Amino acid sequence: MTQRGQSIVLIGFMGVGKSSTGAALAQKTGLPCFDTDVMVSDRLCMSVPEVFNALGEEAFRNTETEILVELSDAENCIIVTGGGIVLRPNNVEILRRLGRVVCLEADEETLLRRISGSAIRPLLQTEDPRATLLELSRVRDSLYQKAADICLDTSCLTPDEAADAVLESVAQL
Ligand code: S3P
């Protein structure tokens with residue numbers, strides 16, 4: 001069986017609260033937090049929407065994988081990922097080797113409320129964000145489920161509460 005690390009890895013759809021929960025987890029545990037979106041953006045010196053516009057989604061995905069490979073030796077940290085990281089099976093393998101994979105979830109209305117009016121998510125800049133969200137979820141839900149050790153609904157939780165729930169669930173594994 002593959003040896004698994006001690007890190008906590010957050011996956012899940014856009015708007016589930018991965019970044020805010022990751023920040024709360026880092027604060028509570030004192031562990032360093034790595035956010036793959038921030039790292040891609042820093043690497044390419046562009047915001048995520050700028051990467052999608054200027055270089056395209058494939059270039060974003062390639063850099064995301066490159067960053068993840070570089071993170072694969074990290075120990076004892078919090079890793080926050082972009083919502084599409086599960087699209088590549090090799091990414092999922094690395095995430096599971098890094099530690100416990102926690103999939104954050106939220107109901108449709110909560111997701112739409114959290115992501116509406118925000119221009120930071122290029123994939124949802126469509127005429128009908130709800131339909132796009134549903135279509136992306138249809139494709140991705142089983143990938144999130146397969147990758148995760150734990151799934152946790154954050155719809156009614158603050159980031160602080162979500163972080164406590166993550167720590168509690170991880171401790172019970
Ligand atoms: C994406 C999610 C985004 C970001 C990029 C693509 C996706 O991250 O990586 O816009 O494919 O779901 P968040 O999940 O943090 O919004």
# chains A, B, ... in the order shown; residues from 1 in each chain; ligands from 1
$ closest_atom_pairs --of "stretch 99-121 of chain A" --to "stretch 38-60 of chain A" --cutoff "8 Å" --atoms "only C-alpha atoms" --output "Markdown table"
| residue | atom | partner | partner_atom | distance |
| --- | --- | --- | --- | --- |
| A:Ala119 | CA | A:Pro49 | CA | 7.8 |
| A:Ile120 | CA | A:Pro49 | CA | 6.0 |
| A:Arg121 | CA | A:Pro49 | CA | 6.6 |
$ closest_atom_pairs --of "stretch 18-40 of chain A" --to "stretch 78-90 of chain A" --cutoff "8 Å" --atoms "only C-alpha atoms" --output "CSV"
residue,atom,partner,partner_atom,distance
A:Lys18,CA,A:Val80,CA,6.1
A:Ser19,CA,A:Val80,CA,6.2
A:Gly22,CA,A:Val80,CA,6.1
A:Leu25,CA,A:Ile78,CA,7.3
A:Ala26,CA,A:Ile78,CA,6.6
A:Leu31,CA,A:Ile78,CA,6.6
A:Pro32,CA,A:Ile78,CA,6.2
A:Cys33,CA,A:Ile78,CA,4.5
A:Phe34,CA,A:Ile79,CA,4.9
A:Asp35,CA,A:Val80,CA,4.5
A:Thr36,CA,A:Thr81,CA,5.2
A:Asp37,CA,A:Gly82,CA,5.8
$ atom_distance --atom1 "atom CA of A:Asp164" --atom2 "atom CA of A:Lys28"
8.5 Å
$ select_by_dssp --residues "stretch 51-100 of chain A" --states "strand (DSSP E)" --output "count of residues only"
5
$ select_by_dssp --residues "stretch 33-94 of chain A" --states "alpha helix (DSSP H)" --output "PDB file with C-alpha atoms, in the first residue's frame"
ATOM      1  CA  THR A  36      -2.146  25.775  -5.701  1.00  0.00           C
ATOM      2  CA  ASP A  37      -4.146  28.609  -7.360  1.00  0.00           C
ATOM      3  CA  VAL A  38      -1.977  31.220  -5.645  1.00  0.00           C
ATOM      4  CA  MET A  39       1.157  29.304  -6.621  1.00  0.00           C
ATOM      5  CA  VAL A  40       0.114  29.028 -10.279  1.00  0.00           C
ATOM      6  CA  SER A  41      -0.688  32.712 -10.299  1.00  0.00           C
ATOM      7  CA  ASP A  42       2.676  33.606  -8.700  1.00  0.00           C
ATOM      8  CA  ARG A  43       4.564  31.317 -11.067  1.00  0.00           C
ATOM      9  CA  LEU A  44       3.025  32.868 -14.169  1.00  0.00           C
ATOM     10  CA  VAL A  48      -6.029  32.971 -12.613  1.00  0.00           C
ATOM     11  CA  PRO A  49      -8.495  34.666 -15.032  1.00  0.00           C
ATOM     12  CA  GLU A  50      -5.540  36.250 -16.840  1.00  0.00           C
ATOM     13  CA  VAL A  51      -3.912  32.819 -17.225  1.00  0.00           C
ATOM     14  CA  PHE A  52      -7.120  31.400 -18.715  1.00  0.00           C
ATOM     15  CA  ASN A  53      -7.493  34.388 -21.051  1.00  0.00           C
ATOM     16  CA  ALA A  54      -3.902  34.723 -22.172  1.00  0.00           C
ATOM     17  CA  GLU A  57      -7.069  26.293 -19.601  1.00  0.00           C
ATOM     18  CA  GLU A  58      -4.554  23.641 -20.710  1.00  0.00           C
ATOM     19  CA  ALA A  59      -1.621  25.883 -19.749  1.00  0.00           C
ATOM     20  CA  PHE A  60      -3.279  26.540 -16.388  1.00  0.00           C
ATOM     21  CA  ARG A  61      -3.727  22.776 -15.826  1.00  0.00           C
ATOM     22  CA  ASN A  62      -0.122  22.036 -16.826  1.00  0.00           C
ATOM     23  CA  THR A  63       1.233  24.610 -14.377  1.00  0.00           C
ATOM     24  CA  GLU A  64      -1.137  23.334 -11.676  1.00  0.00           C
ATOM     25  CA  THR A  65       0.263  19.799 -12.130  1.00  0.00           C
ATOM     26  CA  GLU A  66       3.841  21.129 -12.195  1.00  0.00           C
ATOM     27  CA  ILE A  67       3.239  22.899  -8.853  1.00  0.00           C
ATOM     28  CA  LEU A  68       1.654  19.786  -7.366  1.00  0.00           C
ATOM     29  CA  VAL A  69       4.617  17.627  -8.395  1.00  0.00           C
ATOM     30  CA  GLU A  70       6.892  20.140  -6.672  1.00  0.00           C
ATOM     31  CA  LEU A  71       4.723  19.984  -3.555  1.00  0.00           C
ATOM     32  CA  PRO A  89      -5.724  11.080 -12.212  1.00  0.00           C
ATOM     33  CA  ASN A  90      -2.012  11.694 -11.646  1.00  0.00           C
ATOM     34  CA  ASN A  91      -2.864  14.796  -9.563  1.00  0.00           C
ATOM     35  CA  VAL A  92      -5.204  12.708  -7.411  1.00  0.00           C
ATOM     36  CA  GLU A  93      -2.478  10.143  -6.806  1.00  0.00           C
ATOM     37  CA  ILE A  94      -0.136  12.873  -5.553  1.00  0.00           C
TER      38      ILE A  94
END
$ closest_residue --among "A:Leu157, A:Leu124, A:Leu95, A:Ala147" --to "ligand 1" --atoms "only C-alpha atoms and all ligand atoms"
A:Leu124
$ residues_around --residues "A:Leu98" --least-positions-apart "6" --cutoff "8 Å" --atoms "only C-alpha atoms" --output "ChimeraX atom specification"
/A:4-9,72-75
$ write_last_selection --atoms "N, CA, C and O atoms" --output "PDB file, in the first residue's frame"
ATOM      1  N   ARG A   4       1.280   7.138   3.122  1.00  0.00           N
ATOM      2  CA  ARG A   4       0.591   8.430   3.022  1.00  0.00           C
ATOM      3  C   ARG A   4       1.102   9.401   4.067  1.00  0.00           C
ATOM      4  O   ARG A   4       1.399   9.022   5.195  1.00  0.00           O
ATOM      5  N   GLY A   5       1.211  10.674   3.663  1.00  0.00           N
ATOM      6  CA  GLY A   5       1.755  11.696   4.556  1.00  0.00           C
ATOM      7  C   GLY A   5       0.730  12.179   5.572  1.00  0.00           C
ATOM      8  O   GLY A   5      -0.383  11.670   5.650  1.00  0.00           O
ATOM      9  N   GLN A   6       1.144  13.181   6.308  1.00  0.00           N
ATOM     10  CA  GLN A   6       0.332  13.703   7.418  1.00  0.00           C
ATOM     11  C   GLN A   6      -0.388  15.008   7.072  1.00  0.00           C
ATOM     12  O   GLN A   6      -1.014  15.611   7.937  1.00  0.00           O
ATOM     13  N   SER A   7      -0.256  15.459   5.848  1.00  0.00           N
ATOM     14  CA  SER A   7      -0.846  16.757   5.504  1.00  0.00           C
ATOM     15  C   SER A   7      -2.368  16.652   5.378  1.00  0.00           C
ATOM     16  O   SER A   7      -2.918  15.550   5.280  1.00  0.00           O
ATOM     17  N   ILE A   8      -3.012  17.803   5.386  1.00  0.00           N
ATOM     18  CA  ILE A   8      -4.460  17.854   5.130  1.00  0.00           C
ATOM     19  C   ILE A   8      -4.653  18.539   3.781  1.00  0.00           C
ATOM     20  O   ILE A   8      -4.162  19.660   3.571  1.00  0.00           O
ATOM     21  N   VAL A   9      -5.330  17.846   2.885  1.00  0.00           N
ATOM     22  CA  VAL A   9      -5.509  18.339   1.521  1.00  0.00           C
ATOM     23  C   VAL A   9      -6.988  18.661   1.312  1.00  0.00           C
ATOM     24  O   VAL A   9      -7.847  17.798   1.524  1.00  0.00           O
ATOM     25  N   SER A  72       4.989  17.586  -3.891  1.00  0.00           N
ATOM     26  CA  SER A  72       4.724  16.197  -3.500  1.00  0.00           C
ATOM     27  C   SER A  72       5.615  15.695  -2.367  1.00  0.00           C
ATOM     28  O   SER A  72       5.315  14.680  -1.764  1.00  0.00           O
ATOM     29  N   ASP A  73       6.699  16.422  -2.073  1.00  0.00           N
ATOM     30  CA  ASP A  73       7.545  16.036  -0.934  1.00  0.00           C
ATOM     31  C   ASP A  73       7.192  16.806   0.333  1.00  0.00           C
ATOM     32  O   ASP A  73       7.830  16.609   1.370  1.00  0.00           O
ATOM     33  N   ALA A  74       6.238  17.704   0.239  1.00  0.00           N
ATOM     34  CA  ALA A  74       5.895  18.535   1.409  1.00  0.00           C
ATOM     35  C   ALA A  74       5.345  17.645   2.519  1.00  0.00           C
ATOM     36  O   ALA A  74       4.654  16.662   2.257  1.00  0.00           O
ATOM     37  N   GLU A  75       5.688  18.004   3.736  1.00  0.00           N
ATOM     38  CA  GLU A  75       5.213  17.201   4.872  1.00  0.00           C
ATOM     39  C   GLU A  75       4.475  18.093   5.840  1.00  0.00           C
ATOM     40  O   GLU A  75       4.861  19.249   6.039  1.00  0.00           O
TER      41      GLU A  75
END
$ residues_around --residues "A:Cys103" --least-positions-apart "4" --cutoff "8 Å" --atoms "only C-alpha atoms" --output "compact mmCIF listing (two decimals) with all heavy atoms, in the first residue's frame"
# COMPACT_ATOMS: atom_id res chain seq x y z
N LEU A 10 -7.27 19.89 0.90
CA LEU A 10 -8.68 20.28 0.67
C LEU A 10 -8.98 20.27 -0.82
O LEU A 10 -8.28 20.93 -1.61
CB LEU A 10 -8.94 21.68 1.25
CG LEU A 10 -8.71 21.85 2.75
CD1 LEU A 10 -9.07 23.28 3.17
CD2 LEU A 10 -9.51 20.84 3.57
N ILE A 11 -10.01 19.53 -1.19
CA ILE A 11 -10.46 19.54 -2.58
C ILE A 11 -11.95 19.92 -2.58
O ILE A 11 -12.58 19.97 -1.52
CB ILE A 11 -10.27 18.17 -3.28
CG1 ILE A 11 -11.12 17.07 -2.61
CG2 ILE A 11 -8.80 17.76 -3.30
CD1 ILE A 11 -11.18 15.77 -3.41
N GLY A 12 -12.49 20.13 -3.78
CA GLY A 12 -13.92 20.40 -3.88
C GLY A 12 -14.21 21.49 -4.90
O GLY A 12 -13.30 22.17 -5.39
N TYR A 144 -14.49 13.79 -7.23
CA TYR A 144 -14.26 14.27 -5.86
C TYR A 144 -14.47 13.13 -4.86
O TYR A 144 -13.68 12.93 -3.95
CB TYR A 144 -15.22 15.42 -5.50
CG TYR A 144 -14.98 16.72 -6.25
CD1 TYR A 144 -16.05 17.42 -6.82
CD2 TYR A 144 -13.72 17.28 -6.35
CE1 TYR A 144 -15.85 18.62 -7.49
CE2 TYR A 144 -13.51 18.48 -7.03
CZ TYR A 144 -14.59 19.14 -7.59
OH TYR A 144 -14.40 20.33 -8.24
N GLN A 145 -15.56 12.39 -5.07
CA GLN A 145 -15.89 11.30 -4.14
C GLN A 145 -14.78 10.26 -4.11
O GLN A 145 -14.38 9.78 -3.05
CB GLN A 145 -17.19 10.59 -4.54
CG GLN A 145 -18.42 11.48 -4.60
CD GLN A 145 -18.83 11.98 -3.23
OE1 GLN A 145 -18.64 11.28 -2.26
NE2 GLN A 145 -19.36 13.19 -3.15
N ALA A 148 -11.57 11.48 -2.27
CA ALA A 148 -11.65 11.94 -0.88
C ALA A 148 -11.65 10.82 0.15
O ALA A 148 -12.20 9.75 -0.08
CB ALA A 148 -12.92 12.77 -0.70
N ASP A 149 -11.02 11.10 1.31
CA ASP A 149 -11.17 10.23 2.48
C ASP A 149 -12.42 10.63 3.26
O ASP A 149 -13.04 9.80 3.92
CB ASP A 149 -9.96 10.39 3.41
CG ASP A 149 -8.69 9.90 2.75
OD1 ASP A 149 -8.60 8.69 2.50
OD2 ASP A 149 -7.79 10.72 2.46
N ILE A 150 -12.70 11.92 3.22
CA ILE A 150 -13.82 12.48 4.02
C ILE A 150 -14.52 13.52 3.16
O ILE A 150 -13.87 14.29 2.45
CB ILE A 150 -13.27 13.25 5.24
CG1 ILE A 150 -12.41 12.36 6.12
CG2 ILE A 150 -14.38 13.91 6.04
CD1 ILE A 150 -11.52 13.17 7.06
N CYS A 151 -15.87 13.59 3.26
CA CYS A 151 -16.61 14.68 2.62
C CYS A 151 -17.32 15.47 3.72
O CYS A 151 -17.84 14.87 4.66
CB CYS A 151 -17.64 14.14 1.65
SG CYS A 151 -16.87 13.30 0.26
N LEU A 152 -17.32 16.76 3.57
CA LEU A 152 -17.84 17.61 4.63
C LEU A 152 -18.65 18.76 4.03
O LEU A 152 -18.12 19.52 3.21
CB LEU A 152 -16.63 18.17 5.38
CG LEU A 152 -16.90 18.79 6.71
CD1 LEU A 152 -17.12 17.69 7.74
CD2 LEU A 152 -15.70 19.62 7.11
$ closest_residue --among "A:Leu167, A:Ala24, A:Leu112, A:Cys156" --to "A:Asp128" --atoms "only C-alpha atoms"
A:Leu112
$ closest_residue --among "A:Leu104, A:Cys77, A:Ile115, A:Leu136" --to "A:Ala165" --atoms "only C-alpha atoms"
A:Leu104
$ closest_residue --among "A:Glu168, A:Arg97, A:Ser116, A:Phe13" --to "A:Arg138" --atoms "only C-alpha atoms"
A:Phe13
$ closest_residue --among "A:Thr21, A:Ser169, A:Gln3, A:Thr154" --to "A:Thr110" --atoms "only C-alpha atoms"
A:Thr154
$ closest_residue --among "A:Val170, A:Val139, A:Glu108, A:Ala162" --to "A:Gly15" --atoms "only C-alpha atoms"
A:Glu108
